[in-house]
>>> print(open('coords.txt').read())   # compact mmCIF, C-alpha atoms and all ligand atoms
# COMPACT_ATOMS: atom_id res chain seq x y z
CA MET A 30 0.00 0.00 0.00
CA ASP A 31 1.17 3.52 -0.84
CA PHE A 32 -0.17 5.18 2.29
CA ILE A 33 -0.02 4.69 6.05
CA ALA A 34 -2.98 2.66 7.29
CA PHE A 35 -4.40 3.77 10.63
CA ALA A 36 -4.96 0.12 11.55
CA ASP A 37 -1.19 -0.48 11.30
CA LEU A 38 -0.42 2.42 13.64
CA CYS A 39 -2.93 1.01 16.11
CA HIS A 40 -1.50 -2.51 15.92
CA GLN A 41 2.01 -1.18 16.43
CA GLY A 42 0.88 0.34 19.72
CA LEU A 43 1.93 3.83 18.65
CA LEU A 44 -1.18 5.68 19.70
CA GLY A 45 -1.19 5.67 23.49
CA ASP A 46 -2.06 9.18 24.74
CA GLN A 47 -1.90 10.55 21.20
CA ARG A 48 -4.47 13.10 19.97
CA VAL A 49 -6.19 11.57 16.96
CA LEU A 50 -8.33 13.68 14.61
CA ILE A 51 -10.68 11.60 12.46
CA ARG A 52 -12.30 13.16 9.37
CA ALA A 53 -15.38 10.99 8.97
CA ASP A 54 -18.32 11.21 6.58
CA LEU A 55 -21.33 11.63 8.87
CA ASN A 56 -23.44 13.48 6.32
CA VAL A 57 -26.65 11.58 7.11
CA PRO A 58 -30.14 12.34 5.79
CA GLN A 59 -32.52 14.07 8.23
CA ASP A 60 -36.22 14.85 8.16
CA GLU A 61 -37.75 18.33 8.53
CA GLN A 62 -37.51 18.10 12.33
CA GLY A 63 -33.82 17.19 12.15
CA HIS A 64 -34.30 13.52 13.03
CA ILE A 65 -31.80 11.22 11.39
CA THR A 66 -33.69 9.04 8.89
CA GLU A 67 -30.83 6.72 7.94
CA ASP A 68 -27.63 6.23 9.95
CA THR A 69 -25.50 3.92 7.78
CA ARG A 70 -22.69 6.47 7.61
CA ILE A 71 -22.55 6.84 11.40
CA GLN A 72 -22.47 3.06 11.79
CA ALA A 73 -19.77 2.82 9.14
CA SER A 74 -17.60 5.31 11.05
CA LEU A 75 -17.58 3.18 14.23
CA PRO A 76 -14.67 0.83 13.42
CA CYS A 77 -12.23 3.73 13.05
CA ILE A 78 -13.36 5.44 16.25
CA GLU A 79 -13.35 2.19 18.22
CA MET A 80 -9.91 1.33 16.86
CA ALA A 81 -8.58 4.70 18.10
CA LEU A 82 -10.16 4.26 21.53
CA LYS A 83 -8.83 0.73 21.90
CA ALA A 84 -5.37 2.00 21.03
CA GLY A 85 -5.54 4.47 23.93
CA ALA A 86 -5.94 7.71 21.99
CA ALA A 87 -7.75 10.97 22.75
CA VAL A 88 -10.26 11.10 19.90
CA MET A 89 -11.72 14.03 17.95
CA VAL A 90 -14.18 13.35 15.13
CA THR A 91 -15.39 15.86 12.58
CA SER A 92 -17.48 15.75 9.43
CA HIS A 93 -19.41 17.93 7.04
CA LEU A 94 -23.22 17.94 7.09
CA GLY A 95 -25.33 19.56 4.40
CA ARG A 96 -24.18 22.67 2.61
CA PRO A 97 -23.99 25.51 5.16
CA GLN A 98 -22.56 28.88 4.36
CA GLU A 99 -19.08 29.22 5.83
CA GLY A 100 -18.96 31.41 8.93
CA GLN A 101 -22.68 31.02 9.68
CA TRP A 102 -23.82 28.45 12.23
CA THR A 103 -27.30 27.05 11.61
CA ALA A 104 -29.15 24.52 13.77
CA LYS A 105 -30.19 22.67 10.59
CA ASP A 106 -26.56 21.88 9.73
CA SER A 107 -25.32 21.26 13.26
CA LEU A 108 -23.80 17.87 14.05
CA ALA A 109 -25.74 17.80 17.37
CA PRO A 110 -28.10 14.96 16.32
CA VAL A 111 -25.15 13.06 14.87
CA ALA A 112 -23.17 13.40 18.11
CA ALA A 113 -26.21 12.12 20.03
CA ARG A 114 -26.63 9.12 17.70
CA LEU A 115 -22.92 8.32 17.79
CA GLY A 116 -23.09 8.48 21.58
CA GLU A 117 -25.95 5.95 21.59
CA LEU A 118 -24.02 3.61 19.35
CA LEU A 119 -20.83 3.89 21.40
CA GLY A 120 -22.66 3.81 24.71
CA ARG A 121 -21.10 7.05 25.95
CA THR A 122 -21.75 10.78 25.90
CA ILE A 123 -20.11 12.59 23.00
CA PRO A 124 -19.67 16.31 23.70
CA LEU A 125 -20.12 18.55 20.66
CA ILE A 126 -17.43 21.23 20.52
CA GLN A 127 -18.18 24.57 18.84
CA ASN A 128 -15.49 26.98 17.57
CA TRP A 129 -12.86 24.31 17.81
CA VAL A 130 -10.29 25.55 15.36
CA SER A 131 -8.02 27.25 17.88
CA GLY A 132 -7.92 24.44 20.42
CA VAL A 133 -9.75 21.41 21.83
CA GLN A 134 -9.56 19.86 25.28
CA VAL A 135 -9.82 16.09 24.98
CA LYS A 136 -8.51 13.44 27.32
CA THR A 137 -7.13 9.99 26.59
CA GLY A 138 -10.01 7.52 26.23
CA GLU A 139 -12.47 10.32 25.43
CA VAL A 140 -14.32 11.02 22.15
CA VAL A 141 -15.47 14.52 21.24
CA MET A 142 -17.23 15.67 18.11
CA LEU A 143 -16.07 18.85 16.42
CA GLU A 144 -18.97 20.82 14.93
CA ASN A 145 -19.62 20.70 11.15
CA CYS A 146 -16.29 21.49 9.50
CA ARG A 147 -18.10 23.36 6.74
CA PHE A 148 -18.96 26.13 9.22
CA ASN A 149 -15.29 27.11 9.20
CA VAL A 150 -14.31 29.93 6.87
CA GLY A 151 -11.75 28.62 4.39
CA GLU A 152 -12.85 24.95 4.51
CA LYS A 153 -13.86 24.71 0.85
CA ALA A 154 -10.94 26.77 -0.41
CA ASN A 155 -8.53 24.47 1.44
CA ASP A 156 -7.18 27.54 3.23
CA PRO A 157 -3.60 26.89 4.46
CA GLU A 158 -4.04 28.81 7.71
CA LEU A 159 -7.22 26.92 8.63
CA SER A 160 -5.55 23.65 7.64
CA GLN A 161 -2.56 24.41 9.87
CA HIS A 162 -4.85 25.17 12.82
CA MET A 163 -6.62 21.84 12.32
CA ALA A 164 -3.32 20.02 12.03
CA ALA A 165 -2.13 21.60 15.30
CA LEU A 166 -5.04 19.95 17.14
CA CYS A 167 -3.67 16.46 16.64
CA ASP A 168 -0.70 14.13 16.61
CA VAL A 169 -2.33 11.88 14.01
CA PHE A 170 -4.83 12.85 11.31
CA VAL A 171 -7.00 10.03 9.98
CA HIS A 172 -8.92 10.44 6.71
CA ASP A 173 -11.85 8.04 6.78
CA ALA A 174 -14.34 9.82 4.52
CA PHE A 175 -14.16 8.28 1.06
CA GLY A 176 -17.20 10.24 -0.13
CA THR A 177 -15.12 13.44 0.14
CA ALA A 178 -11.87 12.00 -1.21
CA HIS A 179 -12.28 13.71 -4.59
CA ARG A 180 -12.32 17.15 -2.96
CA ALA A 181 -9.31 19.07 -1.70
CA GLU A 182 -10.66 20.95 1.31
CA ALA A 183 -9.05 22.03 4.58
CA SER A 184 -10.42 19.10 6.62
CA THR A 185 -9.64 16.52 3.94
CA TYR A 186 -6.48 17.71 2.22
CA GLY A 187 -4.83 20.72 3.88
CA VAL A 188 -4.85 19.14 7.34
CA ALA A 189 -3.22 16.02 5.90
CA GLN A 190 -0.37 18.15 4.55
CA TYR A 191 0.45 19.70 7.92
CA ALA A 192 -0.49 17.11 10.58
CA PRO A 193 2.51 15.36 12.23
CA VAL A 194 1.20 12.04 10.83
CA ALA A 195 -1.51 11.61 8.18
CA CYS A 196 -3.02 8.24 7.44
CA ALA A 197 -6.01 6.40 5.92
CA GLY A 198 -8.79 5.11 8.14
CA PRO A 199 -10.29 1.63 7.65
CA LEU A 200 -13.17 2.83 5.44
CA LEU A 201 -10.91 4.79 3.13
CA SER A 202 -8.37 1.94 3.04
CA ALA A 203 -11.09 -0.56 2.15
CA GLU A 204 -12.31 1.62 -0.72
CA ILE A 205 -8.82 2.00 -2.12
CA VAL A 206 -8.09 -1.71 -1.90
CA ALA A 207 -11.43 -2.77 -3.41
CA ILE A 208 -11.40 -0.32 -6.27
CA SER A 209 -7.75 -1.06 -7.07
CA LYS A 210 -8.58 -4.77 -7.13
CA ALA A 211 -11.41 -4.15 -9.57
CA LEU A 212 -9.56 -1.83 -11.89
CA ALA A 213 -5.79 -2.27 -11.65
CA ASN A 214 -5.73 -5.84 -12.86
CA PRO A 215 -9.34 -6.76 -13.51
CA LYS A 216 -10.47 -10.22 -14.39
CA ARG A 217 -11.72 -9.95 -17.99
CA PRO A 218 -14.09 -9.29 -19.53
CA LEU A 219 -14.43 -6.01 -17.65
CA VAL A 220 -17.96 -4.71 -18.04
CA ALA A 221 -18.99 -1.20 -16.98
CA ILE A 222 -22.60 -0.17 -16.60
CA VAL A 223 -23.23 3.56 -16.49
CA GLY A 224 -26.81 4.69 -16.07
CA GLY A 225 -28.56 7.69 -14.63
CA SER A 226 -29.99 10.79 -16.11
CA LYS A 227 -27.27 12.84 -17.76
CA VAL A 228 -24.65 12.19 -20.38
CA SER A 229 -22.93 15.53 -19.88
CA THR A 230 -22.01 14.91 -16.23
CA LYS A 231 -20.77 11.41 -16.97
CA LEU A 232 -19.35 11.95 -20.42
CA SER A 233 -15.72 12.13 -19.43
CA ILE A 234 -16.13 8.89 -17.54
CA LEU A 235 -17.81 7.24 -20.57
CA LEU A 236 -14.94 8.28 -22.84
CA SER A 237 -12.30 7.10 -20.40
CA LEU A 238 -14.13 3.84 -19.72
CA ALA A 239 -14.44 3.24 -23.45
CA ASN A 240 -10.64 3.08 -23.48
CA LYS A 241 -10.45 0.57 -20.65
CA VAL A 242 -13.43 -1.74 -20.52
CA ASP A 243 -14.34 -4.71 -22.71
CA HIS A 244 -18.04 -3.90 -22.69
CA LEU A 245 -19.80 -0.66 -21.90
CA ILE A 246 -23.50 -0.71 -21.07
CA VAL A 247 -25.36 2.60 -20.89
CA GLY A 248 -28.77 3.04 -19.31
CA GLY A 249 -31.38 5.59 -18.25
CA GLY A 250 -31.37 9.05 -19.78
CA ILE A 251 -27.87 8.32 -21.03
CA ALA A 252 -29.17 5.42 -23.15
CA ASN A 253 -31.81 7.75 -24.65
CA THR A 254 -29.06 9.99 -25.97
CA PHE A 255 -27.27 6.94 -27.37
CA MET A 256 -30.53 5.78 -29.03
CA LEU A 257 -30.88 9.20 -30.66
CA ALA A 258 -27.26 8.98 -31.76
CA SER A 259 -28.11 5.63 -33.40
CA GLY A 260 -30.98 7.15 -35.38
CA LEU A 261 -33.81 5.76 -33.23
CA PRO A 262 -36.93 7.79 -32.30
CA ILE A 263 -37.04 8.78 -28.63
CA GLY A 264 -40.15 10.99 -28.51
CA LYS A 265 -40.01 13.47 -25.65
CA SER A 266 -37.71 11.32 -23.49
CA LEU A 267 -35.04 12.85 -21.30
CA CYS A 268 -32.10 13.33 -23.62
CA GLU A 269 -29.26 15.70 -24.40
CA PRO A 270 -29.20 16.29 -28.17
CA ASP A 271 -26.04 18.41 -27.82
CA GLN A 272 -24.26 15.31 -26.54
CA VAL A 273 -25.12 13.13 -29.54
CA GLU A 274 -21.73 13.63 -31.16
CA GLN A 275 -20.00 12.63 -27.94
CA ALA A 276 -22.18 9.54 -27.70
CA GLN A 277 -21.19 8.68 -31.26
CA ALA A 278 -17.54 9.14 -30.33
CA VAL A 279 -17.96 6.69 -27.43
CA MET A 280 -19.65 4.15 -29.75
CA ALA A 281 -16.89 4.56 -32.36
CA LEU A 282 -14.22 4.05 -29.71
CA MET A 283 -15.85 0.83 -28.48
CA LYS A 284 -16.28 -0.35 -32.08
CA SER A 285 -12.59 0.26 -32.81
CA ARG A 286 -11.87 -2.09 -29.91
CA GLY A 287 -14.15 -4.78 -31.32
CA ALA A 288 -17.04 -4.11 -28.90
CA GLN A 289 -20.46 -2.51 -29.16
CA VAL A 290 -22.42 -0.25 -26.86
CA PRO A 291 -25.70 -2.20 -26.68
CA ILE A 292 -28.65 -0.03 -27.72
CA PRO A 293 -32.08 -1.00 -26.29
CA SER A 294 -34.22 -3.02 -28.69
CA ASP A 295 -37.38 -2.56 -26.61
CA VAL A 296 -38.38 0.03 -24.04
CA VAL A 297 -41.07 0.85 -21.48
CA VAL A 298 -42.73 4.18 -22.21
CA ALA A 299 -45.40 6.44 -20.69
CA LYS A 300 -47.18 9.56 -21.87
CA SER A 301 -46.27 11.46 -18.69
CA PHE A 302 -43.65 11.28 -15.94
CA GLY A 303 -45.08 10.00 -12.67
CA ASP A 304 -45.71 7.15 -10.30
CA GLU A 305 -49.22 6.65 -11.62
CA SER A 306 -48.38 6.85 -15.35
CA SER A 307 -49.46 3.77 -17.26
CA ALA A 308 -46.58 1.86 -18.75
CA CYS A 309 -46.44 0.40 -22.25
CA THR A 310 -43.70 -1.86 -23.60
CA LYS A 311 -42.79 -1.42 -27.27
CA ALA A 312 -40.04 -2.02 -29.80
CA ALA A 313 -37.46 0.77 -29.79
CA GLN A 314 -38.25 1.78 -33.38
CA ASP A 315 -41.98 2.20 -32.51
CA VAL A 316 -41.50 5.00 -29.94
CA GLN A 317 -44.02 7.79 -30.67
CA SER A 318 -43.35 11.49 -30.64
CA ASP A 319 -45.31 11.93 -27.37
CA ASP A 320 -43.70 8.92 -25.60
CA LEU A 321 -41.29 9.16 -22.68
CA ILE A 322 -38.85 6.26 -22.39
CA LEU A 323 -38.60 5.43 -18.69
CA ASP A 324 -37.16 1.91 -18.69
CA VAL A 325 -35.76 -0.83 -20.90
CA GLY A 326 -38.06 -3.64 -22.05
CA PRO A 327 -37.76 -7.38 -21.21
CA GLN A 328 -35.89 -8.24 -24.41
CA THR A 329 -33.24 -5.62 -23.68
CA SER A 330 -33.09 -6.73 -20.03
CA ALA A 331 -32.45 -10.32 -21.15
CA ALA A 332 -29.70 -9.19 -23.54
CA LEU A 333 -28.03 -7.12 -20.81
CA ALA A 334 -28.30 -10.00 -18.32
CA LEU A 335 -26.53 -12.25 -20.84
CA GLU A 336 -23.73 -9.71 -21.28
CA VAL A 337 -23.40 -9.38 -17.50
CA SER A 338 -23.33 -13.16 -17.00
CA LYS A 339 -20.14 -13.41 -19.09
CA ALA A 340 -18.24 -10.73 -17.17
CA GLY A 341 -15.13 -11.31 -15.08
CA THR A 342 -15.47 -7.91 -13.39
CA LEU A 343 -18.51 -5.64 -13.21
CA VAL A 344 -18.55 -1.98 -12.31
CA TRP A 345 -21.95 -0.35 -11.88
CA ASN A 346 -22.99 3.28 -11.42
CA GLY A 347 -26.45 4.63 -12.15
CA PRO A 348 -29.92 3.06 -12.56
CA ILE A 349 -31.06 2.11 -16.05
CA GLY A 350 -34.62 3.32 -15.64
CA VAL A 351 -36.78 5.39 -13.32
CA PHE A 352 -36.55 2.65 -10.68
CA GLU A 353 -38.23 4.86 -8.07
CA PHE A 354 -41.56 4.24 -9.90
CA GLU A 355 -42.72 0.61 -9.72
CA ALA A 356 -43.85 0.38 -13.34
CA PHE A 357 -40.43 1.48 -14.59
CA SER A 358 -38.23 -0.37 -12.12
CA LYS A 359 -38.01 -3.79 -13.82
CA GLY A 360 -34.98 -2.98 -15.97
CA THR A 361 -32.90 -1.81 -13.01
CA GLU A 362 -34.10 -4.72 -10.87
CA SER A 363 -33.33 -7.27 -13.56
CA LEU A 364 -29.87 -5.78 -14.08
CA ALA A 365 -29.17 -5.70 -10.34
CA ARG A 366 -30.21 -9.35 -10.03
CA ALA A 367 -28.10 -10.33 -13.05
CA ILE A 368 -25.09 -8.64 -11.44
CA THR A 369 -25.58 -10.50 -8.17
CA GLN A 370 -26.02 -13.83 -9.99
CA SER A 371 -22.90 -13.48 -12.14
CA GLN A 372 -19.58 -15.03 -11.10
CA ALA A 373 -17.85 -11.68 -11.67
CA PHE A 374 -16.29 -9.51 -8.98
CA SER A 375 -18.95 -6.81 -8.74
CA LEU A 376 -18.48 -3.26 -7.59
CA ALA A 377 -21.23 -0.64 -7.29
CA GLY A 378 -21.26 2.96 -6.16
CA GLY A 379 -23.28 6.17 -6.18
CA GLY A 380 -26.33 7.24 -4.19
CA ASP A 381 -29.05 6.11 -6.62
CA THR A 382 -27.29 2.84 -7.32
CA LEU A 383 -27.08 2.08 -3.62
CA ALA A 384 -30.75 3.03 -3.22
CA ALA A 385 -31.67 0.57 -5.99
CA ILE A 386 -29.54 -2.19 -4.46
CA ALA A 387 -31.16 -1.58 -1.06
CA LYS A 388 -34.65 -1.56 -2.62
CA TYR A 389 -34.14 -5.09 -3.95
CA HIS A 390 -32.33 -6.25 -0.77
CA LEU A 391 -29.25 -7.20 -2.74
CA SER A 392 -26.58 -5.45 -0.66
CA GLN A 393 -25.16 -8.77 0.58
CA ASP A 394 -24.71 -10.06 -2.96
CA ILE A 395 -22.60 -7.28 -4.43
CA ASP A 396 -18.92 -7.91 -3.78
CA TYR A 397 -18.12 -4.32 -3.02
CA ILE A 398 -20.39 -1.35 -2.42
CA SER A 399 -18.63 1.98 -2.51
CA THR A 400 -19.90 4.72 -0.24
CA GLY A 401 -18.71 7.40 -2.65
CA GLY A 402 -20.66 8.88 -5.54
CA GLY A 403 -18.45 11.53 -7.11
CA ALA A 404 -15.30 9.95 -5.66
CA PHE A 405 -16.26 6.52 -7.03
CA LEU A 406 -16.79 7.95 -10.53
CA GLU A 407 -13.49 9.79 -10.46
CA VAL A 408 -11.60 6.64 -9.48
CA LEU A 409 -13.31 4.74 -12.31
CA GLU A 410 -12.29 7.52 -14.63
CA GLY A 411 -8.69 6.82 -13.73
CA LYS A 412 -8.14 10.06 -11.82
CA THR A 413 -6.00 10.11 -8.69
CA LEU A 414 -8.13 11.49 -5.91
CA PRO A 415 -6.63 14.40 -3.93
CA ALA A 416 -7.06 12.50 -0.64
CA PHE A 417 -5.05 9.54 -1.92
CA GLU A 418 -2.45 11.81 -3.45
CA VAL A 419 -1.73 13.70 -0.22
CA LEU A 420 -1.71 10.55 1.95
CA LYS A 421 0.66 8.93 -0.51
CA ALA A 422 2.96 11.97 -0.46
CA ARG A 423 2.97 11.96 3.35
CA ALA A 424 3.74 8.23 3.47
CA GLN A 425 6.74 8.73 1.18
CA LYS A 426 8.15 11.43 3.45
CA SER A 427 7.89 9.40 6.64
P1 LIG B 1 -27.96 10.29 -11.83
O1 LIG B 1 -28.20 11.26 -10.71
O2 LIG B 1 -27.41 10.91 -13.08
O3 LIG B 1 -27.19 9.06 -11.38
O4 LIG B 1 -29.39 9.76 -12.26
C1 LIG B 1 -30.21 9.00 -11.42
C2 LIG B 1 -31.63 9.24 -11.79
O5 LIG B 1 -31.83 8.95 -13.16
C3 LIG B 1 -32.63 8.38 -11.02
O6 LIG B 1 -33.36 9.18 -10.14
C4 LIG B 1 -33.52 7.79 -12.13
O7 LIG B 1 -34.90 7.88 -11.84
C5 LIG B 1 -33.20 8.66 -13.31
N1 LIG B 1 -33.46 7.99 -14.59
C6 LIG B 1 -33.10 6.77 -14.97
N2 LIG B 1 -33.59 6.48 -16.17
C7 LIG B 1 -34.29 7.55 -16.59
C8 LIG B 1 -35.05 7.86 -17.77
N3 LIG B 1 -35.13 6.98 -18.77
N4 LIG B 1 -35.67 9.05 -17.83
C9 LIG B 1 -35.56 9.92 -16.80
N5 LIG B 1 -34.85 9.72 -15.68
C10 LIG B 1 -34.22 8.54 -15.57
>>> encode(input="coords.txt", output="structure tokens", more="lines below")
Ligand code: AMP
Amino acid sequence: MDFIAFADLCHQGLLGDQRVLIRADLNVPQDEQGHITEDTRIQASLPCIEMALKAGAAVMVTSHLGRPQEGQWTAKDSLAPVAARLGELLGRTIPLIQNWVSGVQVKTGEVVMLENCRFNVGEKANDPELSQHMAALCDVFVHDAFGTAHRAEASTYGVAQYAPVACAGPLLSAEIVAISKALANPKRPLVAIVGGSKVSTKLSILLSLANKVDHLIVGGGIANTFMLASGLPIGKSLCEPDQVEQAQAVMALMKSRGAQVPIPSDVVVAKSFGDESSACTKAAQDVQSDDLILDVGPQTSAALALEVSKAGTLVWNGPIGVFEFEAFSKGTESLARAITQSQAFSLAGGGDTLAAIAKYHLSQDIDYISTGGGAFLEVLEGKTLPAFEVLKARAQKS
């Protein structure tokens, strides 16, 4: 490994009485009253915190929550409910510290939570002075927030530059190891499935994947743009006509490598977008001018399942239909099931993808589920994430 793993420091017994600052991802969803509706991220942060406690450290944990304006505290974006939930899970009281940048009192064996790091002025801009203040709080900085690893901010990047020791927490380490396994030397054929609503936001990833993967499957609004690029009617479906040339470039690239981007042969359409809209399955060439394509049809699903069944490695980001609506969820469900039934090493990431996997109760059957959305895509794209880069640089110096 190219970086220092926090687990190794703990096992070496180097943490007794040390001040450990953990940058976690505790950005959990809340309802209007501020109640946490889903606490997976808090649960996922426990191993790192428990590891630090067991090693005899004084522990500080911080995270972002929501998108507050820097310099303005708001109750809505306060980590107070998160500190309370973490306390329940750890069976101890977790004090929430406000205005913590210039100093924190924390004793060995104690855990404190440092209020939303995005309240600090200079967080987003990765301000060196703020970063140095954060670094001065600790002996060891632990980055354990993969979902933020593609951003260089003060609490994710700057602090890692200046802290006496900067290392990767167990969550971050696991992401790096799993994604490297999938992409560095993947078992072939390597099949990537990229769905979702927009080509433009995922275009650079499609072009870079087209250079790497053996098969590229597109779905959702992205597939609509590819259908248009193939001369098929798409009615009033979600599509980006200005991206047609780019879609054609992706198809040409795959063709030059002896592969095809499969274009749906049948689709599920509706006359309006909604949960109650009545669904109609038809051949792709029969789509009417007032149709909205909201899912792939059974023939296309079967073809995609066949492609998936032959894969050695599968990487999945983005649903292939409007899976939130029952009538248009079959394509995504069928694909998710095909992925879990294949012998391939499967890797999935991104908020909607995880929601789809959870909806069909398939979480146990995917080999690796990445917590990151943007970070996951950037790793797939072959980019080096800032968080990895700085931890690697620090490991080389030590
Ligand atoms: P993204 O945020 O780009 O990953 O897109 C995810 C969203 O794409 C989900 O909420 C899906 O409902 C939506 N989606 C998938 N297929 C379609 C489609 N054919 N038309 C409109 N939206 C779609």
>>> residues_near_ligand(input="coords.txt", ligand="ligand LIG 1 (chain B)", cutoff="7 Å", atoms="only C-alpha atoms and all ligand atoms", output="number ranges by chain")
A: 224-227, 248-250, 253, 266-267, 322-324, 347-353, 381
>>> write_last_selection(input="coords.txt", atoms="C-alpha atoms", output="compact mmCIF listing (two decimals), keeping the file's coordinate frame")
# COMPACT_ATOMS: atom_id res chain seq x y z
CA GLY A 224 -26.81 4.69 -16.07
CA GLY A 225 -28.56 7.69 -14.63
CA SER A 226 -29.99 10.79 -16.11
CA LYS A 227 -27.27 12.84 -17.76
CA GLY A 248 -28.77 3.04 -19.31
CA GLY A 249 -31.38 5.59 -18.25
CA GLY A 250 -31.37 9.05 -19.78
CA ASN A 253 -31.81 7.75 -24.65
CA SER A 266 -37.71 11.32 -23.49
CA LEU A 267 -35.04 12.85 -21.30
CA ILE A 322 -38.85 6.26 -22.39
CA LEU A 323 -38.60 5.43 -18.69
CA ASP A 324 -37.16 1.91 -18.69
CA GLY A 347 -26.45 4.63 -12.15
CA PRO A 348 -29.92 3.06 -12.56
CA ILE A 349 -31.06 2.11 -16.05
CA GLY A 350 -34.62 3.32 -15.64
CA VAL A 351 -36.78 5.39 -13.32
CA PHE A 352 -36.55 2.65 -10.68
CA GLU A 353 -38.23 4.86 -8.07
CA ASP A 381 -29.05 6.11 -6.62
>>> residues_around(input="coords.txt", residues="segment 401-403 of chain A", least_positions_apart="4", cutoff="9 Å", atoms="only C-alpha atoms", output="list of chain:residue names")
A:Ala174, A:Phe175, A:Gly176, A:Thr177, A:Ala178, A:His179, A:Glu204, A:Asn346, A:Gly378, A:Gly379, A:Gly380, A:Asp381, A:Glu407, A:Val408
>>> closest_residue(input="coords.txt", among="A:Glu139, A:Asp68, A:Glu336, A:Asp31", to="Pro291 of chain A", atoms="all atoms listed in the file")
A:Glu336
>>> atom_distance(input="coords.txt", atom1="atom CA of Ile292 of chain A", atom2="atom CA of Ile398 of chain A")
26.6 Å
>>> residues_around(input="coords.txt", residues="Ser301 of chain A", least_positions_apart="5", cutoff="9 Å", atoms="all atoms listed in the file", output="mmCIF file with C-alpha atoms, keeping the file's coordinate frame")
data_model
loop_
_atom_site.group_PDB
_atom_site.id
_atom_site.type_symbol
_atom_site.label_atom_id
_atom_site.label_comp_id
_atom_site.auth_asym_id
_atom_site.auth_seq_id
_atom_site.Cartn_x
_atom_site.Cartn_y
_atom_site.Cartn_z
ATOM 1 C CA SER A 306 -48.380 6.850 -15.350
ATOM 2 C CA SER A 307 -49.460 3.770 -17.260
ATOM 3 C CA ASP A 319 -45.310 11.930 -27.370
ATOM 4 C CA ASP A 320 -43.700 8.920 -25.600
ATOM 5 C CA LEU A 321 -41.290 9.160 -22.680
#
>>> atom_distance(input="coords.txt", atom1="atom CA of Asp394 of chain A", atom2="atom CA of Gly326 of chain A")
24.2 Å
>>> atom_distance(input="coords.txt", atom1="atom CA of Lys339 of chain A", atom2="atom CA of Ala373 of chain A")
8.0 Å
>>> closest_residue(input="coords.txt", among="A:Ala87, A:Leu335, A:Val242, A:Leu108", to="Asn56 of chain A", atoms="all atoms listed in the file")
A:Leu108
>>> closest_residue(input="coords.txt", among="A:Lys83, A:Arg147, A:Lys241, A:Lys153", to="Trp102 of chain A", atoms="all atoms listed in the file")
A:Arg147
>>> closest_residue(input="coords.txt", among="A:Ser202, A:Thr342, A:Phe357, A:Asp396", to="Thr369 of chain A", atoms="only C-alpha atoms")
A:Asp396
>>> residues_near_point(input="coords.txt", point="(-18.1, -5.0, -19.9)", cutoff="8 Å", atoms="all atoms listed in the file", output="PDB file with C-alpha atoms, in the frame of the given file")
ATOM      1  CA  PRO A 218     -14.090  -9.290 -19.530  1.00  0.00           C
ATOM      2  CA  LEU A 219     -14.430  -6.010 -17.650  1.00  0.00           C
ATOM      3  CA  VAL A 220     -17.960  -4.710 -18.040  1.00  0.00           C
ATOM      4  CA  ALA A 221     -18.990  -1.200 -16.980  1.00  0.00           C
ATOM      5  CA  ILE A 222     -22.600  -0.170 -16.600  1.00  0.00           C
ATOM      6  CA  VAL A 242     -13.430  -1.740 -20.520  1.00  0.00           C
ATOM      7  CA  ASP A 243     -14.340  -4.710 -22.710  1.00  0.00           C
ATOM      8  CA  HIS A 244     -18.040  -3.900 -22.690  1.00  0.00           C
ATOM      9  CA  LEU A 245     -19.800  -0.660 -21.900  1.00  0.00           C
ATOM     10  CA  ILE A 246     -23.500  -0.710 -21.070  1.00  0.00           C
ATOM     11  CA  GLU A 336     -23.730  -9.710 -21.280  1.00  0.00           C
ATOM     12  CA  VAL A 337     -23.400  -9.380 -17.500  1.00  0.00           C
ATOM     13  CA  ALA A 340     -18.240 -10.730 -17.170  1.00  0.00           C
ATOM     14  CA  THR A 342     -15.470  -7.910 -13.390  1.00  0.00           C
ATOM     15  CA  LEU A 343     -18.510  -5.640 -13.210  1.00  0.00           C
TER      16      LEU A 343
END
>>> closest_residue(input="coords.txt", among="A:Lys359, A:Lys136, A:Arg52, A:Lys388", to="Leu200 of chain A", atoms="all atoms listed in the file")
A:Arg52
